[in-house]
Every structure is written in structure tokens, then in C-alpha cells.
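See below for coords_35.cif, which holds mmCIF, C-alpha atoms and all ligand atoms.
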data_input
loop_
_atom_site.label_atom_id
_atom_site.label_comp_id
_atom_site.auth_asym_id
_atom_site.auth_seq_id
_atom_site.Cartn_x
_atom_site.Cartn_y
_atom_site.Cartn_z
CA MET A 1 -129.86 -61.93 42.87
CA GLN A 2 -132.47 -64.65 42.99
CA LYS A 3 -135.79 -64.45 44.87
CA ILE A 4 -136.53 -67.03 47.52
CA ASP A 5 -139.07 -69.44 46.06
CA LEU A 6 -141.78 -69.72 48.74
CA SER A 7 -143.30 -72.81 47.12
CA ASN A 8 -140.02 -74.70 47.10
CA PHE A 9 -137.46 -73.82 49.75
CA ARG A 10 -135.29 -75.58 52.26
CA LEU A 11 -134.25 -74.03 55.56
CA ALA A 12 -130.55 -73.74 56.27
CA THR A 13 -129.35 -76.43 58.65
CA SER A 14 -125.91 -77.09 60.09
CA GLY A 15 -125.70 -79.71 57.30
CA THR A 16 -126.24 -77.02 54.63
CA ALA A 17 -123.50 -74.87 56.16
CA ARG A 18 -121.15 -77.87 56.27
CA GLU A 19 -121.86 -78.67 52.63
CA ILE A 20 -121.17 -75.06 51.58
CA ASN A 21 -117.88 -75.00 53.55
CA ARG A 22 -116.89 -78.35 52.07
CA ARG A 23 -117.44 -77.04 48.54
CA ILE A 24 -115.51 -73.85 49.28
CA VAL A 25 -112.54 -75.93 50.48
CA LEU A 26 -112.81 -78.26 47.48
CA ASN A 27 -112.86 -75.25 45.12
CA LEU A 28 -109.88 -73.64 46.86
CA ILE A 29 -107.94 -76.87 46.45
CA ARG A 30 -108.93 -76.99 42.78
CA ALA A 31 -107.84 -73.38 42.20
CA ARG A 32 -104.64 -73.37 44.27
CA GLN A 33 -103.42 -76.98 44.22
CA PRO A 34 -101.08 -78.15 45.63
CA ILE A 35 -102.03 -76.31 48.82
CA SER A 36 -101.43 -76.85 52.53
CA ARG A 37 -104.14 -77.04 55.18
CA ALA A 38 -102.71 -73.87 56.77
CA ASP A 39 -103.11 -71.96 53.51
CA LEU A 40 -106.64 -73.32 53.11
CA ALA A 41 -107.51 -72.03 56.60
CA ARG A 42 -105.99 -68.65 55.80
CA LEU A 43 -107.75 -68.32 52.41
CA SER A 44 -111.13 -69.60 53.60
CA GLY A 45 -111.25 -68.00 57.04
CA LEU A 46 -112.26 -71.38 58.48
CA GLN A 47 -110.68 -72.74 61.66
CA ARG A 48 -107.63 -74.89 61.02
CA SER A 49 -109.38 -77.82 62.80
CA THR A 50 -112.45 -77.43 60.54
CA VAL A 51 -110.24 -77.44 57.44
CA SER A 52 -108.53 -80.61 58.67
CA LEU A 53 -111.88 -82.34 59.24
CA ILE A 54 -113.12 -81.38 55.77
CA ALA A 55 -109.81 -82.47 54.20
CA GLU A 56 -110.02 -85.88 55.92
CA GLN A 57 -113.55 -86.34 54.58
CA LEU A 58 -112.52 -85.29 51.05
CA ILE A 59 -109.61 -87.75 51.18
CA ALA A 60 -111.93 -90.54 52.40
CA ASP A 61 -114.35 -89.72 49.56
CA ARG A 62 -111.44 -89.86 47.07
CA TRP A 63 -111.88 -86.28 45.85
CA ILE A 64 -108.42 -85.21 46.95
CA VAL A 65 -105.09 -86.81 47.84
CA GLU A 66 -102.13 -85.75 49.91
CA GLY A 67 -99.36 -84.82 47.51
CA ALA A 68 -95.77 -83.75 47.76
CA THR A 69 -94.45 -82.40 51.03
CA GLY A 70 -93.75 -78.67 51.03
CA ARG A 71 -90.43 -77.15 51.98
CA LEU A 72 -90.28 -74.39 54.57
CA PRO A 73 -87.06 -72.74 55.76
CA ARG A 74 -87.48 -74.31 59.18
CA GLY A 75 -90.02 -76.13 61.28
CA ARG A 76 -92.69 -78.59 60.31
CA ARG A 77 -93.15 -79.52 56.66
CA PRO A 78 -96.78 -79.16 55.55
CA THR A 79 -98.36 -81.90 53.46
CA TYR A 80 -99.93 -80.52 50.33
CA LEU A 81 -103.40 -81.38 49.05
CA ARG A 82 -104.47 -81.70 45.45
CA LEU A 83 -107.34 -83.15 43.41
CA ASN A 84 -107.22 -86.93 43.04
CA GLY A 85 -105.74 -87.64 39.59
CA ASP A 86 -107.33 -91.11 39.61
CA ARG A 87 -110.86 -89.77 39.78
CA LEU A 88 -111.95 -89.93 36.17
CA ILE A 89 -114.82 -88.82 33.96
CA LEU A 90 -115.87 -90.18 30.58
CA GLY A 91 -116.85 -87.41 28.15
CA ILE A 92 -118.79 -88.04 24.94
CA ASP A 93 -119.41 -85.45 22.23
CA ILE A 94 -122.02 -86.63 19.76
CA ARG A 95 -122.08 -84.95 16.36
CA PRO A 96 -124.17 -86.02 13.37
CA THR A 97 -121.24 -87.60 11.52
CA ALA A 98 -118.77 -88.54 14.27
CA THR A 99 -118.74 -89.08 18.01
CA ARG A 100 -115.68 -88.30 20.09
CA MET A 101 -115.04 -89.94 23.44
CA GLY A 102 -112.39 -89.01 25.99
CA VAL A 103 -111.32 -89.95 29.48
CA ALA A 104 -110.31 -86.97 31.63
CA ASP A 105 -109.35 -86.26 35.22
CA LEU A 106 -111.00 -83.61 37.42
CA ASN A 107 -108.69 -80.97 35.93
CA ALA A 108 -110.08 -81.80 32.45
CA ARG A 109 -106.75 -83.22 31.34
CA PHE A 110 -107.51 -85.90 28.77
CA LEU A 111 -105.74 -89.23 29.24
CA THR A 112 -107.11 -90.71 26.05
CA GLN A 113 -109.47 -89.85 23.20
CA GLU A 114 -111.03 -91.73 20.33
CA THR A 115 -113.56 -91.12 17.58
CA MET A 116 -116.18 -93.33 16.00
CA PRO A 117 -118.66 -92.69 13.20
CA THR A 118 -122.13 -91.80 14.49
CA ALA A 119 -124.40 -94.60 13.30
CA ASP A 120 -127.62 -93.69 11.47
CA THR A 121 -130.02 -95.30 13.90
CA PRO A 122 -130.07 -94.73 17.67
CA ASP A 123 -130.14 -98.48 18.41
CA THR A 124 -126.97 -99.25 16.46
CA PHE A 125 -125.33 -96.13 17.84
CA LEU A 126 -126.13 -97.08 21.43
CA ASP A 127 -124.81 -100.63 20.91
CA GLN A 128 -121.51 -99.29 19.64
CA LEU A 129 -121.30 -96.52 22.23
CA THR A 130 -121.95 -98.75 25.25
CA GLN A 131 -119.39 -101.29 24.01
CA ARG A 132 -116.71 -98.64 23.60
CA ALA A 133 -117.60 -96.99 26.91
CA ARG A 134 -117.26 -100.31 28.78
CA ARG A 135 -113.89 -100.95 27.14
CA LEU A 136 -112.61 -97.48 28.03
CA LEU A 137 -113.78 -97.81 31.64
CA GLY A 138 -112.11 -101.24 31.84
CA SER A 139 -108.78 -99.86 30.68
CA TYR A 140 -108.38 -97.85 33.92
CA PRO A 141 -108.84 -100.52 36.59
CA ASN A 142 -107.51 -98.34 39.44
CA ALA A 143 -109.67 -95.34 38.64
CA SER A 144 -112.51 -94.05 40.72
CA TRP A 145 -115.14 -93.11 38.10
CA GLU A 146 -117.21 -90.05 38.77
CA GLY A 147 -119.65 -90.19 35.88
CA ILE A 148 -120.32 -89.61 32.21
CA GLY A 149 -121.02 -86.29 30.47
CA ILE A 150 -122.57 -86.18 27.01
CA SER A 151 -122.90 -83.18 24.70
CA LEU A 152 -125.68 -83.36 22.14
CA PRO A 153 -126.35 -81.78 18.76
CA GLY A 154 -129.82 -81.00 20.08
CA ARG A 155 -131.86 -80.81 23.26
CA ALA A 156 -132.74 -83.31 25.94
CA ASP A 157 -135.87 -82.59 27.95
CA ARG A 158 -134.93 -81.41 31.48
CA HIS A 159 -137.37 -83.80 33.14
CA SER A 160 -137.54 -86.94 30.96
CA HIS A 161 -133.84 -86.63 29.91
CA ARG A 162 -134.85 -87.90 26.48
CA LEU A 163 -133.32 -86.37 23.37
CA VAL A 164 -136.38 -84.65 21.94
CA PHE A 165 -135.02 -82.09 19.46
CA ALA A 166 -132.09 -82.93 17.19
CA PRO A 167 -132.97 -81.95 13.60
CA ASN A 168 -129.45 -82.56 12.28
CA LEU A 169 -129.37 -86.07 13.74
CA ALA A 170 -132.88 -86.99 12.53
CA TRP A 171 -133.50 -89.05 15.69
CA LYS A 172 -136.78 -88.58 17.45
CA ASP A 173 -137.40 -88.96 21.19
CA VAL A 174 -134.42 -91.11 22.14
CA ASP A 175 -133.38 -92.18 25.63
CA LEU A 176 -129.57 -92.17 25.70
CA LYS A 177 -129.28 -91.81 29.47
CA THR A 178 -130.89 -95.05 30.74
CA PRO A 179 -129.04 -97.50 28.42
CA MET A 180 -125.70 -95.78 29.14
CA GLU A 181 -126.31 -95.84 32.89
CA GLN A 182 -127.35 -99.50 32.76
CA ALA A 183 -124.32 -100.45 30.67
CA THR A 184 -121.77 -98.64 32.82
CA GLY A 185 -123.26 -98.29 36.30
CA LEU A 186 -122.36 -94.58 36.20
CA SER A 187 -124.64 -91.58 36.25
CA VAL A 188 -124.98 -89.74 32.94
CA GLU A 189 -125.42 -85.98 32.42
CA LEU A 190 -126.73 -84.72 29.08
CA GLU A 191 -126.46 -81.21 27.74
CA ASN A 192 -126.79 -79.35 24.47
CA ALA A 193 -123.38 -78.86 22.81
CA ALA A 194 -123.46 -75.05 22.91
CA ASN A 195 -124.34 -75.12 26.62
CA ALA A 196 -121.52 -77.63 27.17
CA CYS A 197 -119.15 -75.16 25.48
CA VAL A 198 -120.34 -72.43 27.85
CA LEU A 199 -119.63 -74.68 30.83
CA SER A 200 -116.19 -75.52 29.41
CA GLU A 201 -115.35 -71.82 29.36
CA VAL A 202 -116.89 -71.14 32.78
CA TRP A 203 -115.06 -74.03 34.50
CA PHE A 204 -111.83 -74.42 32.52
CA GLY A 205 -111.38 -71.30 30.38
CA PRO A 206 -108.44 -68.93 30.91
CA ARG A 207 -110.82 -66.29 32.32
CA SER A 208 -113.06 -68.71 34.20
CA ASP A 209 -112.89 -66.70 37.46
CA THR A 210 -114.55 -63.65 36.01
CA VAL A 211 -117.15 -64.94 33.53
CA GLN A 212 -120.50 -63.27 34.21
CA ASP A 213 -122.09 -63.02 30.80
CA LEU A 214 -121.10 -64.87 27.69
CA VAL A 215 -122.76 -66.17 24.56
CA VAL A 216 -121.30 -69.16 22.75
CA VAL A 217 -122.21 -69.73 19.11
CA THR A 218 -121.35 -73.20 17.82
CA VAL A 219 -121.19 -73.34 14.06
CA SER A 220 -121.26 -76.82 12.56
CA GLU A 221 -123.88 -78.78 10.59
CA GLY A 222 -126.33 -76.43 12.32
CA ILE A 223 -125.95 -73.46 14.67
CA GLY A 224 -126.30 -73.69 18.42
CA THR A 225 -126.12 -70.99 21.04
CA GLY A 226 -125.50 -71.19 24.75
CA VAL A 227 -126.38 -68.15 26.85
CA PHE A 228 -124.67 -67.47 30.17
CA ALA A 229 -126.20 -64.39 31.83
CA ASN A 230 -125.91 -62.94 35.32
CA GLY A 231 -123.53 -65.74 36.28
CA GLN A 232 -125.68 -68.68 35.21
CA LEU A 233 -126.67 -70.71 32.19
CA VAL A 234 -130.06 -69.58 30.85
CA MET A 235 -132.25 -72.69 30.72
CA GLY A 236 -135.77 -71.50 29.87
CA ASN A 237 -138.88 -73.68 29.86
CA GLY A 238 -137.84 -77.35 29.78
CA GLY A 239 -134.19 -76.36 29.17
CA PHE A 240 -134.85 -75.24 25.61
CA ALA A 241 -133.47 -71.70 25.80
CA GLY A 242 -130.82 -70.80 23.26
CA GLU A 243 -132.22 -72.20 20.01
CA PHE A 244 -131.35 -69.02 18.13
CA GLY A 245 -130.20 -71.24 15.24
CA HIS A 246 -133.89 -71.88 14.59
CA THR A 247 -135.14 -68.31 14.78
CA VAL A 248 -136.66 -67.42 11.43
CA LEU A 249 -134.80 -64.65 9.62
CA ASP A 250 -136.68 -65.03 6.33
CA PRO A 251 -140.03 -66.87 6.21
CA ALA A 252 -139.57 -67.24 2.43
CA GLY A 253 -136.08 -68.72 2.86
CA PRO A 254 -134.92 -72.30 2.31
CA VAL A 255 -136.51 -75.14 4.28
CA CYS A 256 -134.72 -76.00 7.53
CA ARG A 257 -134.46 -79.49 9.01
CA CYS A 258 -136.65 -78.32 11.90
CA GLY A 259 -139.53 -77.96 9.46
CA ASN A 260 -139.55 -74.18 9.34
CA ARG A 261 -138.25 -71.92 6.59
CA GLY A 262 -135.42 -69.45 6.65
CA CYS A 263 -133.95 -70.25 10.10
CA TRP A 264 -130.62 -68.58 10.91
CA GLU A 265 -128.80 -71.91 10.52
CA VAL A 266 -129.93 -72.49 6.93
CA PHE A 267 -128.06 -69.28 6.08
CA ALA A 268 -124.99 -69.39 8.31
CA SER A 269 -124.02 -73.01 9.15
CA ASN A 270 -121.30 -75.13 7.55
CA SER A 271 -124.07 -76.81 5.52
CA ALA A 272 -125.15 -73.39 4.26
CA ALA A 273 -121.62 -72.55 3.08
CA LEU A 274 -121.43 -75.87 1.23
CA ARG A 275 -124.75 -75.07 -0.43
CA TYR A 276 -123.47 -71.63 -1.49
CA TYR A 277 -120.49 -73.36 -3.04
CA THR A 278 -122.19 -76.25 -4.81
CA GLY A 279 -125.51 -74.60 -5.56
CA ALA A 280 -127.25 -77.75 -4.25
CA THR A 281 -130.81 -77.60 -2.93
CA PRO A 282 -131.16 -77.15 0.84
CA GLY A 283 -131.20 -80.43 2.76
CA ALA A 284 -129.38 -82.38 0.00
CA ALA A 285 -126.47 -84.50 1.23
CA PRO A 286 -123.29 -82.41 0.82
CA GLN A 287 -120.92 -83.62 -1.88
CA LEU A 288 -117.87 -82.34 -0.05
CA ALA A 289 -116.92 -81.71 3.57
CA PHE A 290 -116.70 -78.24 5.09
CA GLU A 291 -112.97 -78.82 5.69
CA ASP A 292 -112.57 -79.29 1.92
CA LEU A 293 -114.27 -75.95 1.35
CA LEU A 294 -111.89 -74.28 3.83
CA ALA A 295 -108.91 -75.85 2.04
CA LEU A 296 -110.18 -74.72 -1.38
CA ALA A 297 -110.64 -71.14 -0.13
CA GLU A 298 -107.15 -71.21 1.36
CA GLN A 299 -105.75 -72.35 -1.98
CA GLY A 300 -107.33 -69.33 -3.65
CA ASP A 301 -110.50 -70.90 -5.09
CA VAL A 302 -112.66 -67.80 -5.68
CA ARG A 303 -116.02 -69.59 -5.43
CA ALA A 304 -115.06 -71.24 -2.15
CA GLY A 305 -113.92 -67.88 -0.77
CA ARG A 306 -117.23 -66.28 -1.77
CA ALA A 307 -119.19 -69.10 -0.11
CA LEU A 308 -117.35 -68.45 3.15
CA GLU A 309 -117.94 -64.71 2.84
CA GLU A 310 -121.67 -65.29 2.33
CA MET A 311 -121.70 -67.50 5.42
CA ALA A 312 -119.81 -64.79 7.35
CA ARG A 313 -122.39 -62.11 6.44
CA HIS A 314 -125.19 -64.32 7.74
CA LEU A 315 -123.26 -65.19 10.88
CA GLY A 316 -122.88 -61.47 11.51
CA ALA A 317 -126.59 -60.83 10.93
CA GLY A 318 -127.63 -63.47 13.50
CA ILE A 319 -125.00 -62.43 16.02
CA ALA A 320 -126.26 -58.83 15.71
CA LEU A 321 -129.65 -60.01 16.99
CA LEU A 322 -128.00 -61.78 19.94
CA VAL A 323 -125.92 -58.73 20.78
CA THR A 324 -128.82 -56.28 20.58
CA GLY A 325 -131.07 -58.53 22.65
CA LEU A 326 -128.71 -59.87 25.29
CA ALA A 327 -125.83 -57.35 25.53
CA PRO A 328 -123.14 -59.91 26.32
CA SER A 329 -119.63 -58.63 26.92
CA ARG A 330 -118.17 -61.56 25.06
CA ILE A 331 -119.22 -63.88 22.24
CA MET A 332 -117.25 -67.01 21.51
CA VAL A 333 -117.55 -68.55 18.08
CA ILE A 334 -116.75 -72.25 18.01
CA GLY A 335 -116.34 -74.47 14.97
CA GLU A 336 -114.18 -75.21 11.95
CA VAL A 337 -115.05 -71.80 10.47
CA THR A 338 -112.69 -70.15 12.99
CA ARG A 339 -109.79 -71.59 10.97
CA ALA A 340 -110.71 -69.08 8.27
CA TRP A 341 -111.12 -66.21 10.76
CA ARG A 342 -108.84 -63.84 8.82
CA ARG A 343 -111.41 -63.92 6.04
CA VAL A 344 -114.60 -64.44 8.07
CA GLY A 345 -113.93 -62.29 11.17
CA PRO A 346 -113.76 -58.83 9.51
CA ILE A 347 -116.98 -59.43 7.50
CA LEU A 348 -118.82 -60.65 10.58
CA GLN A 349 -117.62 -57.61 12.58
CA ARG A 350 -118.67 -55.23 9.83
CA VAL A 351 -122.22 -56.62 9.62
CA LEU A 352 -122.45 -56.60 13.42
CA ALA A 353 -121.36 -52.95 13.59
CA GLU A 354 -123.96 -52.00 10.95
CA ARG A 355 -126.82 -53.80 12.63
CA SER A 356 -126.30 -53.49 16.35
CA ARG A 357 -125.82 -49.98 17.67
CA THR A 358 -127.35 -49.95 21.12
CA HIS A 359 -124.22 -50.27 23.23
CA THR A 360 -120.51 -51.06 23.24
CA PRO A 361 -119.91 -53.98 20.89
CA PRO A 362 -118.87 -57.20 22.60
CA GLU A 363 -115.56 -58.90 22.17
CA ILE A 364 -115.95 -61.54 19.44
CA GLU A 365 -113.56 -64.36 20.10
CA PRO A 366 -112.92 -67.31 17.77
CA ALA A 367 -112.27 -70.32 20.01
CA GLU A 368 -109.13 -72.30 19.43
CA ASP A 369 -109.77 -75.67 17.81
CA THR A 370 -107.28 -77.28 20.17
CA ALA A 371 -109.29 -76.39 23.28
CA GLN A 372 -112.00 -78.92 22.27
CA PRO A 373 -114.72 -77.01 24.10
CA ARG A 374 -117.52 -79.47 23.21
CA LEU A 375 -115.66 -82.40 24.71
CA ARG A 376 -114.20 -80.44 27.63
CA GLY A 377 -117.70 -79.19 28.41
CA THR A 378 -118.83 -82.77 29.03
CA ILE A 379 -116.28 -82.94 31.86
CA ALA A 380 -117.59 -79.64 33.27
CA LEU A 381 -121.10 -81.10 33.21
CA VAL A 382 -120.06 -83.78 35.67
CA ILE A 383 -117.76 -81.78 37.92
CA GLN A 384 -120.19 -78.87 38.38
CA LYS A 385 -122.50 -81.19 40.35
CA HIS A 386 -119.89 -81.28 43.11
CA PHE A 387 -118.04 -77.99 42.71
CA ALA A 388 -120.88 -75.53 42.05
CA ALA A 389 -122.78 -73.82 44.85
CA PRO A 390 -125.09 -76.43 46.38
CA PRO A 391 -128.58 -76.40 44.85
CA ILE A 392 -131.27 -74.69 46.92
CA THR A 393 -133.83 -77.43 46.32
ZN ZN A 401 -134.81 -74.46 11.84
#

Take the structure from the file and write it as C-alpha cells.
Ligand SMILES: [Zn+2]
Amino acid sequence: MQKIDLSNFRLATSGTAREINRRIVLNLIRARQPISRADLARLSGLQRSTVSLIAEQLIADRWIVEGATGRLPRGRRPTYLRLNGDRLILGIDIRPTATRMGVADLNARFLTQETMPTADTPDTFLDQLTQRARRLLGSYPNASWEGIGISLPGRADRHSHRLVFAPNLAWKDVDLKTPMEQATGLSVELENAANACVLSEVWFGPRSDTVQDLVVVTVSEGIGTGVFANGQLVMGNGGFAGEFGHTVLDPAGPVCRCGNRGCWEVFASNSAALRYYTGATPGAAPQLAFEDLLALAEQGDVRAGRALEEMARHLGAGIALLVTGLAPSRIMVIGEVTRAWRRVGPILQRVLAERSRTHTPPEIEPAEDTAQPRLRGTIALVIQKHFAAPPIT
């Protein structure tokens, strides 16, 4: 339940009611497609004539199309409605070493994907990104483009939209939104990668209808968390909520890229596991990739196995804090480390059980690599603007 904000409210008008009904119909089509107007009227409780009016408007706006004709035993054949497969979204997942781009429809089905190295400087990166984006947009001449979603290994300020905190990228105060919007003519939505993963699960996950509270922990070069509580993403002041990766677990610990010492991520990220393996000093460029470490452990390399186990203990310690403080019913762990879940999962669970005893332990779920939650979340970022409950302000 949310209080009515008396300093910032808008009275309900017939327009507000129409917009809510329109979104309900659009969501019913999304959930039940292909669906007839009669079924939409039955499921929504709206008059058949109202449903027809809304459907005509959604067709005119290119959100939906009339699909195959249904077959009834006798009588009139209804024309089915479904989401417009030619309405497309460009999703971009920026990671410190590589950036993945994909074109998807409103159902988050990817038509194409490609990867490029993430350049060291923002200027070079933006040059390459805008060029590729324009080429991808141009390769679908019949599409109706809805927008661009970008997931970030850091935080963009809610108001300025500038990337202001990205310690693993080492870029400071960068505007990605304006150059991308100017280059493509499309609106751009930015979100932290862990939050994007939450949205992926909320909009496209197998249990998307029932998600009420969920914490996503993304484990990569650093650690990100996205917190979904009471049915919404927790944003905090300026949109910075969820930086549990930079909570200090040991003030005497190794230096973190954020400038602090002993943050959770210097103990439990992929970079930490590589450091346990090589014995390198924190912050030094890794001599091998995390995937190599996983392969070595799989092949029976004892030192590689121990490095993963050390990482798992620290993952469990941090997750115990999240569980005790937030009491989520589910925690999703996302990242390459889930490939070694048989080794990592039991250690993590053991540490969690030792350290968090206040309530029923949550379900800890390693996300499937194939689901590509970071990239799929960028699609959710764009569609939620039109499918979520209309904003109050
Ligand atoms: Zn830190």
C-alpha cells in the first residue's frame, strides 16, 4: 500500500480511467495471446464495445495486430489479437570487457545478437556503439522501433541520467543517454544490471505472475544486487539502493575499486576468485579469465577448486546479511559462477544457514546462463513504460 502524496498528486479523470483500462487490455493480450475480443471482454469485465474501441486504438498505435482467425464449432469466427511482432526494442548490456547488443520483440524473443569489446574510453565506446546501433536499426526496415534499454555495470543518476558510479568500468560521470538518443532518434532507458535482472524475472520469468519479493545477486567482475520488495523495485535516494557489493565487511580488507576497503565484492566476485587462485594483489589485471578458472576446477585442479570454495564462503556471508535484513522469499544468483553450482551452492547454503537464523531460509536459485537476464532485462526496461500500472505523477 502506498500513501497518497499530498505534495504531488493528480486527480483521476476519465482519461486516467481510460489509460488504466487500455493497459489492462494490453496486458491481457500479452498474457493470453492470441485472444479474441469476446474473451478479452469476459476476462476484463469491460463492455464488448469498450474492448473493441481499445483494440482499434492499440492496432492503430501498432502495439497489437489481428492474427489468425479462430475456429468455433459453428457461427462467426472471431479474429484473434496478439502483440505486434514487428514492434522491436534494442537491448544493450554493457560489461567492463564486452558489450552485448540484441534486437527483441515485445515478447523478449531475440531476433539477433552480437557482442563487441567494451572500449577503454567512453568516447571511443560511444562511437562504436552508436555505429553498431544504427546498423542494427537499419537492418529491420519494416520495424516499428519502441526504444533502447541499456543495462549498466554501475549506477546512472535518476535525474541527470548520467553514469555516475561504475568502479569496474573506471568511467566517471558519463552521459550515454543523450548521444544514443541523438544517434538513433529513439528514447533510451538506463538501469543498473542487477535491477535489469530483477525486471527480466518480473516481466519474463517463469513465475512472473506471482513475484512479490526477490533479491537478485549478480556476480561478475563486481557484485550487484537488485531488490524487489512489496511488488516494486527498491530505488532509494537517487536510485542508488542495492549497492550491497560495496558494503564493508572488513575495514582492514583489500582495497576495492570504489576506494573503500574490504567491500563484499573484493571477497566474493569473479575477480576475488581469480585473486585467490593467482595470489595477485587486489586490483591487479587478472592473468586468466574466470571461465578458465571454472574449467581448471572442473578438470580437478585443486587450487582452482579451493579458490571457488573461498569465493562461495564469502558469497554466503554477504547473502546472509541480505536475507537477515530483507527476508526475501527468493534469491537469484546470476553469473558464470552458477556453472559450478554443484561445488559452490552447498557451501553458500551452509554459510547462510549458520549466519541467518531469523526466519525460514529463502529459496536460493542459480539462474540459467541461457536466460540472459541482463540482456532480457533491457527489454523489460522499455516495455514496462507501457505495460506497468500508469504512474501516479
Ligand atoms: Zn567497494

Subject >> Contacts with ligand ZN 401 (chain A) at most 7 Å, only C-alpha atoms and all ligand atoms counted, listed as a ChimeraX atom specification >> reply: /A:245-247,256-261,263,265

Subject >> Residue neighbourhood Gly239 of chain A, 6 Å, only C-alpha atoms, exclusion window fewer than 3 positions, as a list in words >> reply: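 Contacts, with the query itself left out: Arg158, Met235 and Gly236 of chain A.
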
Subject >> Interatomic distance, atom CA of Arg62 of chain A to atom CA of Ser14 of chain A (Å, one decimal) >> reply: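 Going from atom CA of Arg62 of chain A over to atom CA of Ser14 of chain A covers 23.3 Å.
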
Original post:
So, counting all atoms listed in the file, which residue among A:Leu352, A:Ser144, A:Val103, A:Leu163 is closest to Pro122 of chain A?
Top reply: A:Leu163

**OP:** Pick out the residues sitting within 8 Å of segment 126-139 of chain A, and hand them over as a list in words; count all atoms listed in the file, and ignore anything fewer than 5 positions along from it in its own chain.
**Re:**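 My reading of the contact set: Leu90, Val103, Leu176, Pro179, Met180, Ala183 and Thr184 of chain A.
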
C-alpha atoms of the current selection, written as a PDB file, in the coordinates of the input:
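Here's the written file result_22.pdb:
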ATOM      1  CA  LEU A  90    -115.870 -90.180  30.580  1.00  0.00           C
ATOM      2  CA  VAL A 103    -111.320 -89.950  29.480  1.00  0.00           C
ATOM      3  CA  LEU A 176    -129.570 -92.170  25.700  1.00  0.00           C
ATOM      4  CA  PRO A 179    -129.040 -97.500  28.420  1.00  0.00           C
ATOM      5  CA  MET A 180    -125.700 -95.780  29.140  1.00  0.00           C
ATOM      6  CA  ALA A 183    -124.320-100.450  30.670  1.00  0.00           C
ATOM      7  CA  THR A 184    -121.770 -98.640  32.820  1.00  0.00           C
TER       8      THR A 184
END

Can you check which parts of segment 215-252 of chain A lie within 12 Å of segment 164-170 of chain A? Per residue, the shortest pair of atoms and distance in Å to one decimal, counting only C-alpha atoms, sorted by chain and number, as a Markdown table.
| residue | atom | partner | partner_atom | distance |
| --- | --- | --- | --- | --- |
| A:Ser220 | CA | A:Asn168 | CA | 10.0 |
| A:Glu221 | CA | A:Asn168 | CA | 6.9 |
| A:Gly222 | CA | A:Asn168 | CA | 6.9 |
| A:Ile223 | CA | A:Asn168 | CA | 10.0 |
| A:Gly224 | CA | A:Ala166 | CA | 11.0 |
| A:Gly238 | CA | A:Val164 | CA | 10.8 |
| A:Gly239 | CA | A:Val164 | CA | 11.2 |
| A:Phe240 | CA | A:Phe165 | CA | 9.2 |
| A:Glu243 | CA | A:Phe165 | CA | 10.3 |
| A:Gly245 | CA | A:Pro167 | CA | 11.2 |
| A:His246 | CA | A:Pro167 | CA | 10.2 |

**OP:** Could you tell me how far atom CA of Ala320 of chain A lies from atom CA of Glu363 of chain A, in Å and to one decimal?
**Re:**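 Here the two named atoms are 12.5 Å from each other.
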
**OP:** Provide the atom CA of Phe228 of chain A to atom CA of Ile4 of chain A distance in Å, to one decimal place.
**Re:** 21.0 Å
